[in-house]
$ cat coords_35.pdb   # PDB, C-alpha atoms, pLDDT in the B column
ATOM      1  CA  MET A   7    -259.070 -67.804 -95.216  1.00 68.00           C
ATOM      2  CA  SER A   8    -261.151 -70.055 -97.362  1.00 85.00           C
ATOM      3  CA  VAL A   9    -259.840 -72.026-100.301  1.00 86.00           C
ATOM      4  CA  LYS A  10    -262.042 -70.034-102.677  1.00 88.00           C
ATOM      5  CA  ASN A  11    -260.454 -66.728-101.598  1.00 90.00           C
ATOM      6  CA  LYS A  12    -256.952 -68.178-101.880  1.00 91.00           C
ATOM      7  CA  ILE A  13    -257.670 -69.335-105.443  1.00 91.00           C
ATOM      8  CA  LYS A  14    -258.995 -65.883-106.393  1.00 91.00           C
ATOM      9  CA  ARG A  15    -255.929 -64.193-104.893  1.00 92.00           C
ATOM     10  CA  LEU A  16    -253.571 -66.559-106.669  1.00 92.00           C
ATOM     11  CA  ASN A  17    -255.419 -66.150-109.981  1.00 93.00           C
ATOM     12  CA  ASN A  18    -255.060 -62.371-109.679  1.00 93.00           C
ATOM     13  CA  GLU A  19    -251.372 -62.765-108.944  1.00 94.00           C
ATOM     14  CA  VAL A  20    -250.946 -65.037-111.982  1.00 94.00           C
ATOM     15  CA  LYS A  21    -252.626 -62.414-114.197  1.00 94.00           C
ATOM     16  CA  LYS A  22    -250.318 -59.695-112.884  1.00 94.00           C
ATOM     17  CA  LEU A  23    -247.262 -61.852-113.490  1.00 93.00           C
ATOM     18  CA  GLN A  24    -248.407 -62.714-117.024  1.00 94.00           C
ATOM     19  CA  ASP A  25    -248.866 -59.020-117.796  1.00 92.00           C
ATOM     20  CA  GLU A  26    -245.414 -58.268-116.430  1.00 93.00           C
ATOM     21  CA  LEU A  27    -243.929 -61.074-118.511  1.00 92.00           C
ATOM     22  CA  LEU A  28    -245.599 -59.752-121.665  1.00 92.00           C
ATOM     23  CA  THR A  29    -244.285 -56.256-120.956  1.00 92.00           C
ATOM     24  CA  CYS A  30    -240.759 -57.578-120.457  1.00 91.00           C
ATOM     25  CA  GLN A  31    -240.940 -59.601-123.681  1.00 91.00           C
ATOM     26  CA  LEU A  32    -242.088 -56.575-125.699  1.00 90.00           C
ATOM     27  CA  SER A  33    -239.346 -54.439-124.209  1.00 90.00           C
ATOM     28  CA  ASN A  34    -236.787 -57.140-124.963  1.00 90.00           C
ATOM     29  CA  ASN A  35    -237.938 -57.337-128.610  1.00 89.00           C
ATOM     30  CA  ARG A  36    -237.636 -53.559-129.012  1.00 88.00           C
ATOM     31  CA  LEU A  37    -234.136 -53.589-127.559  1.00 88.00           C
ATOM     32  CA  ARG A  38    -233.094 -56.432-129.870  1.00 87.00           C
ATOM     33  CA  GLN A  39    -234.389 -54.525-132.900  1.00 86.00           C
ATOM     34  CA  GLN A  40    -232.468 -51.409-131.862  1.00 83.00           C
ATOM     35  CA  LEU A  41    -229.311 -53.475-131.410  1.00 83.00           C
ATOM     36  CA  ASP A  42    -229.738 -55.030-134.868  1.00 80.00           C
ATOM     37  CA  ILE A  43    -230.129 -51.580-136.414  1.00 77.00           C
ATOM     38  CA  GLN A  44    -226.944 -50.390-134.688  1.00 76.00           C
ATOM     39  CA  LYS A  45    -225.034 -53.439-135.926  1.00 75.00           C
ATOM     40  CA  ASP A  46    -226.252 -52.858-139.499  1.00 74.00           C
ATOM     41  CA  THR A  47    -225.290 -49.186-139.305  1.00 75.00           C
ATOM     42  CA  LYS A  48    -221.801 -50.036-138.079  1.00 75.00           C
ATOM     43  CA  MET A  49    -221.369 -52.623-140.843  1.00 74.00           C
ATOM     44  CA  LEU A  50    -222.432 -50.139-143.545  1.00 73.00           C
ATOM     45  CA  GLU A  51    -220.141 -47.519-142.066  1.00 73.00           C
ATOM     46  CA  ASN A  52    -217.214 -49.948-142.283  1.00 73.00           C
ATOM     47  CA  ILE A  53    -218.064 -50.797-145.907  1.00 72.00           C
ATOM     48  CA  ILE A  54    -218.095 -47.126-146.862  1.00 73.00           C
ATOM     49  CA  LYS A  55    -214.809 -46.460-145.068  1.00 71.00           C
ATOM     50  CA  PHE A  56    -213.215 -49.386-146.866  1.00 71.00           C
ATOM     51  CA  ALA A  57    -214.499 -48.256-150.252  1.00 71.00           C
ATOM     52  CA  ILE A  58    -213.326 -44.682-149.769  1.00 70.00           C
ATOM     53  CA  THR A  59    -209.881 -45.586-148.465  1.00 66.00           C
ATOM     54  CA  ASN A  60    -209.448 -48.174-151.205  1.00 67.00           C
ATOM     55  CA  HIS A  61    -210.427 -45.625-153.865  1.00 65.00           C
ATOM     56  CA  VAL A  62    -208.257 -42.828-152.480  1.00 59.00           C
ATOM     57  CA  GLY A  63    -205.383 -45.242-151.915  1.00 58.00           C
ATOM     58  CA  ASN A  64    -205.466 -46.259-155.565  1.00 60.00           C
ATOM     59  CA  LEU A  65    -205.232 -42.635-156.665  1.00 55.00           C
ATOM     60  CA  ARG A  66    -201.874 -42.293-154.826  1.00 58.00           C
ATOM     61  CA  ALA A  67    -202.150 -38.520-154.715  1.00 55.00           C
ATOM     62  CA  GLY A  68    -205.399 -37.712-152.975  1.00 57.00           C
ATOM     63  CA  MET A  69    -208.599 -36.315-154.333  1.00 57.00           C
ATOM     64  CA  ILE A  70    -209.790 -32.835-155.305  1.00 63.00           C
ATOM     65  CA  VAL A  71    -213.499 -32.138-154.963  1.00 61.00           C
ATOM     66  CA  ASP A  72    -215.049 -29.242-156.850  1.00 67.00           C
ATOM     67  CA  ILE A  73    -217.207 -26.765-154.885  1.00 67.00           C
ATOM     68  CA  ASN A  74    -220.112 -27.239-157.297  1.00 69.00           C
ATOM     69  CA  THR A  75    -219.951 -30.968-156.726  1.00 63.00           C
ATOM     70  CA  ILE A  76    -220.353 -30.487-152.982  1.00 63.00           C
ATOM     71  CA  ASP A  77    -223.331 -28.199-153.568  1.00 64.00           C
ATOM     72  CA  LYS A  78    -224.967 -30.892-155.703  1.00 60.00           C
ATOM     73  CA  MET A  79    -224.506 -33.429-152.910  1.00 61.00           C
ATOM     74  CA  LYS A  80    -227.161 -31.888-150.684  1.00 65.00           C
ATOM     75  CA  GLU A  81    -229.501 -34.630-151.837  1.00 67.00           C
ATOM     76  CA  LEU A  82    -226.914 -37.369-151.712  1.00 66.00           C
ATOM     77  CA  ARG A  83    -228.295 -40.906-151.811  1.00 71.00           C
ATOM     78  CA  LEU A  84    -226.221 -43.925-150.994  1.00 72.00           C
ATOM     79  CA  ASN A  85    -227.396 -47.368-152.069  1.00 74.00           C
ATOM     80  CA  ILE A  86    -225.591 -50.458-150.868  1.00 75.00           C
ATOM     81  CA  ASP A  87    -226.657 -53.707-152.486  1.00 77.00           C
ATOM     82  CA  ARG A  88    -225.518 -57.066-151.248  1.00 77.00           C
ATOM     83  CA  ASN A  89    -224.591 -59.659-153.845  1.00 77.00           C
ATOM     84  CA  ASP A  90    -224.577 -63.037-152.107  1.00 76.00           C
ATOM     85  CA  PHE A  91    -223.474 -64.959-155.184  1.00 77.00           C
ATOM     86  CA  GLU A  92    -220.207 -63.086-155.554  1.00 77.00           C
ATOM     87  CA  HIS A  93    -219.847 -62.308-151.809  1.00 78.00           C
ATOM     88  CA  THR A  94    -219.574 -58.596-152.535  1.00 78.00           C
ATOM     89  CA  TYR A  95    -221.321 -55.296-151.850  1.00 75.00           C
ATOM     90  CA  MET A  96    -222.077 -52.761-154.573  1.00 76.00           C
ATOM     91  CA  ILE A  97    -222.057 -49.137-153.476  1.00 72.00           C
ATOM     92  CA  ARG A  98    -223.886 -46.613-155.651  1.00 73.00           C
ATOM     93  CA  VAL A  99    -223.878 -42.902-154.848  1.00 68.00           C
ATOM     94  CA  THR A 100    -226.332 -40.660-156.657  1.00 66.00           C
ATOM     95  CA  TYR A 101    -226.954 -36.948-156.227  1.00 57.00           C
TER      96      TYR A 101
END

$ encode --input "coords_35.pdb" --output "structure tokens"
Amino acid sequence: MSVKNKIKRLNNEVKKLQDELLTCQLSNNRLRQQLDIQKDTKMLENIIKFAITNHVGNLRAGMIVDINTIDKMKELRLNIDRNDFEHTYMIRVTY
């Protein structure tokens, strides 16, 4: 086999490996983004649980929810704002 053919073969192999590397990097980025989203979701879930248990715990008797209130909550929106200066989260529920 001549040197010229070996160089061509190796160049083709390098291209294939570069393509494979790019594919793996893109896949890795997608997986990292999905993991970040799951972590954020879990954190927000914990904040909501804390807020609800803290609120209900302060009532000392439980909570009664009106049927009409539940019907209004079909378009429930939950906004959680982070306040870095006070190291707190503000939870706003609108419906």

$ atom_distance --input "coords_35.pdb" --atom1 "atom CA of A:Met96" --atom2 "atom CA of A:Arg38"
27.3 Å

$ residues_around --input "coords_35.pdb" --residues "A:Ile54" --least-positions-apart "2" --cutoff "12 Å" --atoms "only C-alpha atoms" --output "VMD selection string"
chain A and resid 47 to 52 56 to 61 84 to 86 95 to 99

$ atom_distance --input "coords_35.pdb" --atom1 "atom CA of A:Lys12" --atom2 "atom CA of A:Leu28"
24.3 Å

$ axis_aligned_box --input "coords_35.pdb" --around "stretch 33-40 of chain A" --padding-each-side "6 Å" --output "lines of an AutoDock Vina configuration file"
center_x = -235.9
center_y = -54.4
center_z = -128.6
size_x = 18.9
size_y = 17.9
size_z = 20.7

$ atom_distance --input "coords_35.pdb" --atom1 "atom CA of A:Cys30" --atom2 "atom CA of A:Asn11"
28.8 Å
